[in-house]
Amino acid sequence: MADSYVINEWFFSLQGEGVRAGTPNLFLRFSGCNQTCSLESHGFDCDTEFVSGRKLTADEIIAELKQCAPECEWVILTGGEPALQLDEYLILKLKEAGYRLAIETNGSVELPEGLDWITVSPKVAEHAIRQRTADEVKYVRGYGQAIPKTVVQAEHKLISPAASGDSIDPKTLQWCIGLVQNNPEWRLSCQQHKFWSIR
Ligand code: SF4
C-alpha cells in the first residue's frame with residue numbers, strides 16, 4: 001500500500017482509441033515511465049509529458065475524480081506507465097468509490113488483480129512483456145513495420161497508425177490499412193480524439 005501516488009493530470013473526456021472508443025471516461029494519468037519511445041527505437045516519438053506530477057493519496061485522487069465528473073463510472077488509468085505505481089490498495093479504493101477501471105499499459109510490468117478492462121500496448125520486445133493477458137492488445141505501427149507476432153493473449157487485436165502530432169501521414173495510414181486487410185484477425189484503431197479535437 002502506497003501513501004501517495006504521483007499523478008500527472010486527470011480529466012474527463014471520451015476514449016478515443018480501441019474497442020471502447022467513443023465512451024465517456026475519466027482519465028487518470030500517472031507520472032513516470034520506464035520506456036523512452038522514439039522514432040529510431042519504436043517507429044514513433046512519444047508525445048506524452050509524464051515527468052511532472054503531484055503527490056496525491058488514494059482519497060485525494062477519488063475526491064478530485066468525483067469533482068471532475070460526478071456521474072462518470074469509468075476511470076482509465078494511464079500514463080506514462082501506470083503499472084509502475086498502481087497497487088491493489090488504490091484499485092480497492094477506486095472500486096469502493098464505485099468506479100470501473102480500465103488501464104492502458106506498455107505491458108512491461110505484471111498488473112495487480114481487479115481491473116475491468118486491460119489494454120496492453122507493447123513498447124518492449126515480446127520476451128520482455130510481463131502482462132500477457134488483456135482485453136485488447138494494440139501496437140503502434142509506422143510505415144514499413146510488419147504485423148506483430150504478439151505474446152499477449154487478447155480478444156481484440158489492434159493496429160494503431162503512428163501519428164505525428166494530430167495527424168497521420170497518409171502513407172502510414174495506407175500501410176496500416178493494408179496490414180489489417182492482409183491479417184483480418186487485426187483491426188485498425190486510430191487516435192480518434194485527435195480528429196474530434198478533444199483530449
Ligand atoms: S511507453 Fe508510452 S508513455 Fe512511455 S515513452 Fe513509450 S509512448 Fe511514452
# chains A, B, ... in the order shown; residues from 1 in each chain; ligands from 1

call {"tool": "residues_near_ligand", "arguments": {"ligand": "ligand 1", "cutoff": "6 Å", "atoms": "only C-alpha atoms and all ligand atoms", "output": "PyMOL selection string"}}
result
chain A and resi 33+35-37+46+48+79-81+106+123

call {"tool": "residues_around", "arguments": {"residues": "A:Leu39", "least_positions_apart": "5", "cutoff": "10 Å", "atoms": "only C-alpha atoms", "output": "list in words"}}
result
Phe44, Asp45, Cys46, Gly142 and Ala162 of chain A

call {"tool": "write_last_selection", "arguments": {"atoms": "N, CA, C and O atoms", "output": "PDB file, in the first residue's frame"}}
result
ATOM      1  N   PHE A  44       7.985   5.691 -33.731  1.00  0.00           N
ATOM      2  CA  PHE A  44       7.243   6.923 -33.447  1.00  0.00           C
ATOM      3  C   PHE A  44       7.884   7.603 -32.228  1.00  0.00           C
ATOM      4  O   PHE A  44       8.530   6.948 -31.421  1.00  0.00           O
ATOM      5  N   ASP A  45       7.667   8.899 -32.118  1.00  0.00           N
ATOM      6  CA  ASP A  45       8.167   9.647 -30.955  1.00  0.00           C
ATOM      7  C   ASP A  45       7.063   9.770 -29.918  1.00  0.00           C
ATOM      8  O   ASP A  45       5.932  10.135 -30.251  1.00  0.00           O
ATOM      9  N   CYS A  46       7.383   9.473 -28.664  1.00  0.00           N
ATOM     10  CA  CYS A  46       6.414   9.665 -27.580  1.00  0.00           C
ATOM     11  C   CYS A  46       6.061  11.148 -27.492  1.00  0.00           C
ATOM     12  O   CYS A  46       6.943  11.991 -27.405  1.00  0.00           O
ATOM     13  N   GLY A 142       4.421   2.136 -37.706  1.00  0.00           N
ATOM     14  CA  GLY A 142       4.836   3.147 -38.665  1.00  0.00           C
ATOM     15  C   GLY A 142       4.906   2.529 -40.057  1.00  0.00           C
ATOM     16  O   GLY A 142       4.769   1.304 -40.218  1.00  0.00           O
ATOM     17  N   ALA A 162       0.997   5.139 -36.532  1.00  0.00           N
ATOM     18  CA  ALA A 162       1.784   6.143 -35.806  1.00  0.00           C
ATOM     19  C   ALA A 162       1.361   7.533 -36.242  1.00  0.00           C
ATOM     20  O   ALA A 162       1.269   7.813 -37.442  1.00  0.00           O
TER      21      ALA A 162
END

call {"tool": "atom_distance", "arguments": {"atom1": "atom CA of A:Arg199", "atom2": "atom CA of A:Ser13"}}
result
6.6 Å

call {"tool": "select_by_dssp", "arguments": {"residues": "stretch 35-165 of chain A", "states": "helix (DSSP H, G or I)", "output": "PDB file with N, CA and C atoms, in the first residue's frame"}}
result
ATOM      1  N   LEU A  39      11.377   7.630 -32.567  1.00  0.00           N
ATOM      2  CA  LEU A  39      11.253   7.220 -33.972  1.00  0.00           C
ATOM      3  C   LEU A  39      12.249   6.106 -34.289  1.00  0.00           C
ATOM      4  N   GLU A  40      13.466   6.259 -33.779  1.00  0.00           N
ATOM      5  CA  GLU A  40      14.519   5.289 -34.089  1.00  0.00           C
ATOM      6  C   GLU A  40      14.228   3.934 -33.442  1.00  0.00           C
ATOM      7  N   SER A  41      13.802   3.951 -32.176  1.00  0.00           N
ATOM      8  CA  SER A  41      13.646   2.684 -31.449  1.00  0.00           C
ATOM      9  C   SER A  41      12.281   2.048 -31.661  1.00  0.00           C
ATOM     10  N   HIS A  42      11.231   2.856 -31.858  1.00  0.00           N
ATOM     11  CA  HIS A  42       9.871   2.317 -31.855  1.00  0.00           C
ATOM     12  C   HIS A  42       9.056   2.681 -33.101  1.00  0.00           C
ATOM     13  N   ALA A  58      -4.824   8.122  -2.087  1.00  0.00           N
ATOM     14  CA  ALA A  58      -5.966   7.493  -2.764  1.00  0.00           C
ATOM     15  C   ALA A  58      -7.239   8.308  -2.536  1.00  0.00           C
ATOM     16  N   ASP A  59      -7.460   8.756  -1.305  1.00  0.00           N
ATOM     17  CA  ASP A  59      -8.669   9.551  -1.007  1.00  0.00           C
ATOM     18  C   ASP A  59      -8.665  10.878  -1.765  1.00  0.00           C
ATOM     19  N   GLU A  60      -7.499  11.491  -1.883  1.00  0.00           N
ATOM     20  CA  GLU A  60      -7.432  12.761  -2.636  1.00  0.00           C
ATOM     21  C   GLU A  60      -7.689  12.532  -4.119  1.00  0.00           C
ATOM     22  N   ILE A  61      -7.193  11.433  -4.648  1.00  0.00           N
ATOM     23  CA  ILE A  61      -7.450  11.108  -6.058  1.00  0.00           C
ATOM     24  C   ILE A  61      -8.955  10.963  -6.290  1.00  0.00           C
ATOM     25  N   ILE A  62      -9.600  10.221  -5.413  1.00  0.00           N
ATOM     26  CA  ILE A  62     -11.045   9.980  -5.569  1.00  0.00           C
ATOM     27  C   ILE A  62     -11.825  11.293  -5.461  1.00  0.00           C
ATOM     28  N   ALA A  63     -11.433  12.142  -4.520  1.00  0.00           N
ATOM     29  CA  ALA A  63     -12.116  13.435  -4.371  1.00  0.00           C
ATOM     30  C   ALA A  63     -11.977  14.267  -5.647  1.00  0.00           C
ATOM     31  N   GLU A  64     -10.789  14.262  -6.239  1.00  0.00           N
ATOM     32  CA  GLU A  64     -10.584  15.034  -7.480  1.00  0.00           C
ATOM     33  C   GLU A  64     -11.413  14.452  -8.619  1.00  0.00           C
ATOM     34  N   LEU A  65     -11.456  13.139  -8.719  1.00  0.00           N
ATOM     35  CA  LEU A  65     -12.224  12.497  -9.797  1.00  0.00           C
ATOM     36  C   LEU A  65     -13.713  12.794  -9.646  1.00  0.00           C
ATOM     37  N   LYS A  66     -14.208  12.702  -8.421  1.00  0.00           N
ATOM     38  CA  LYS A  66     -15.640  12.944  -8.163  1.00  0.00           C
ATOM     39  C   LYS A  66     -16.009  14.383  -8.529  1.00  0.00           C
ATOM     40  N   GLN A  67     -15.092  15.301  -8.232  1.00  0.00           N
ATOM     41  CA  GLN A  67     -15.352  16.705  -8.543  1.00  0.00           C
ATOM     42  C   GLN A  67     -15.298  16.953 -10.054  1.00  0.00           C
ATOM     43  N   CYS A  68     -14.430  16.235 -10.722  1.00  0.00           N
ATOM     44  CA  CYS A  68     -14.208  16.436 -12.165  1.00  0.00           C
ATOM     45  C   CYS A  68     -15.426  16.019 -12.983  1.00  0.00           C
ATOM     46  N   PRO A  82       1.275   3.472 -15.950  1.00  0.00           N
ATOM     47  CA  PRO A  82       0.543   3.416 -14.680  1.00  0.00           C
ATOM     48  C   PRO A  82       0.931   2.230 -13.804  1.00  0.00           C
ATOM     49  N   ALA A  83       1.376   1.132 -14.413  1.00  0.00           N
ATOM     50  CA  ALA A  83       1.682  -0.067 -13.621  1.00  0.00           C
ATOM     51  C   ALA A  83       2.882   0.126 -12.704  1.00  0.00           C
ATOM     52  N   LEU A  84       3.677   1.168 -12.918  1.00  0.00           N
ATOM     53  CA  LEU A  84       4.823   1.414 -12.039  1.00  0.00           C
ATOM     54  C   LEU A  84       4.374   1.843 -10.645  1.00  0.00           C
ATOM     55  N   GLU A  88      -2.777  -2.783  -5.388  1.00  0.00           N
ATOM     56  CA  GLU A  88      -4.094  -3.341  -5.059  1.00  0.00           C
ATOM     57  C   GLU A  88      -4.884  -2.400  -4.157  1.00  0.00           C
ATOM     58  N   TYR A  89      -4.190  -1.644  -3.335  1.00  0.00           N
ATOM     59  CA  TYR A  89      -4.883  -0.721  -2.425  1.00  0.00           C
ATOM     60  C   TYR A  89      -5.637   0.353  -3.217  1.00  0.00           C
ATOM     61  N   LEU A  90      -4.961   0.959  -4.191  1.00  0.00           N
ATOM     62  CA  LEU A  90      -5.620   2.012  -4.972  1.00  0.00           C
ATOM     63  C   LEU A  90      -6.777   1.426  -5.784  1.00  0.00           C
ATOM     64  N   ILE A  91      -6.570   0.230  -6.320  1.00  0.00           N
ATOM     65  CA  ILE A  91      -7.662  -0.425  -7.053  1.00  0.00           C
ATOM     66  C   ILE A  91      -8.869  -0.623  -6.127  1.00  0.00           C
ATOM     67  N   LEU A  92      -8.602  -1.129  -4.929  1.00  0.00           N
ATOM     68  CA  LEU A  92      -9.683  -1.368  -3.960  1.00  0.00           C
ATOM     69  C   LEU A  92     -10.409  -0.072  -3.626  1.00  0.00           C
ATOM     70  N   LYS A  93      -9.657   0.984  -3.366  1.00  0.00           N
ATOM     71  CA  LYS A  93     -10.266   2.262  -3.002  1.00  0.00           C
ATOM     72  C   LYS A  93     -11.119   2.814  -4.155  1.00  0.00           C
ATOM     73  N   LEU A  94     -10.609   2.714  -5.367  1.00  0.00           N
ATOM     74  CA  LEU A  94     -11.369   3.215  -6.520  1.00  0.00           C
ATOM     75  C   LEU A  94     -12.636   2.384  -6.734  1.00  0.00           C
ATOM     76  N   LYS A  95     -12.527   1.070  -6.520  1.00  0.00           N
ATOM     77  CA  LYS A  95     -13.704   0.188  -6.646  1.00  0.00           C
ATOM     78  C   LYS A  95     -14.734   0.530  -5.571  1.00  0.00           C
ATOM     79  N   GLU A  96     -14.262   0.737  -4.347  1.00  0.00           N
ATOM     80  CA  GLU A  96     -15.180   1.096  -3.255  1.00  0.00           C
ATOM     81  C   GLU A  96     -15.888   2.418  -3.550  1.00  0.00           C
ATOM     82  N   GLU A 126       8.998  -8.602 -27.302  1.00  0.00           N
ATOM     83  CA  GLU A 126       7.982  -9.586 -26.891  1.00  0.00           C
ATOM     84  C   GLU A 126       8.426 -10.394 -25.659  1.00  0.00           C
ATOM     85  N   HIS A 127       9.723 -10.767 -25.620  1.00  0.00           N
ATOM     86  CA  HIS A 127      10.176 -11.591 -24.491  1.00  0.00           C
ATOM     87  C   HIS A 127      10.131 -10.828 -23.171  1.00  0.00           C
ATOM     88  N   ALA A 128      10.110  -9.484 -23.251  1.00  0.00           N
ATOM     89  CA  ALA A 128      10.110  -8.658 -22.034  1.00  0.00           C
ATOM     90  C   ALA A 128       8.694  -8.288 -21.582  1.00  0.00           C
TER      91      ALA A 128
END

call {"tool": "residues_around", "arguments": {"residues": "stretch 109-120 of chain A", "least_positions_apart": "3", "cutoff": "6 Å", "atoms": "only C-alpha atoms", "output": "list of chain:residue names"}}
result
A:Glu88, A:Leu101, A:Ala102, A:Ile103, A:Glu104, A:Thr105, A:Asn106, A:Arg130, A:Gln131, A:Ala134, A:Asp135, A:Glu136, A:Val137

call {"tool": "atom_distance", "arguments": {"atom1": "atom CA of A:Val124", "atom2": "atom CA of A:Lys157"}}
result
16.8 Å

call {"tool": "atom_distance", "arguments": {"atom1": "atom CA of A:Glu185", "atom2": "atom CA of A:Arg141"}}
result
15.8 Å

call {"tool": "closest_residue", "arguments": {"among": "A:Thr23, A:Ser197, A:Ser121, A:Ser189", "to": "A:Ala154", "atoms": "only C-alpha atoms"}}
result
A:Ser121

call {"tool": "closest_residue", "arguments": {"among": "A:Lys171, A:Lys55, A:Arg20, A:Lys194", "to": "A:Tyr143", "atoms": "only C-alpha atoms"}}
result
A:Lys171

call {"tool": "select_by_dssp", "arguments": {"residues": "stretch 21-188 of chain A", "states": "strand (DSSP E or B)", "output": "ChimeraX atom specification"}}
result
/A:24-30,54-56,74-78,100-105,117-120,133-141,153-161,164,167,186-188

call {"tool": "residues_around", "arguments": {"residues": "A:Leu173", "least_positions_apart": "5", "cutoff": "12 Å", "atoms": "only C-alpha atoms", "output": "JSON, numbers by chain"}}
result
{"A": [140, 141, 142, 143, 144, 145, 159, 160, 161, 162, 163, 164, 167, 168, 178, 179, 180, 188, 189, 190, 191]}
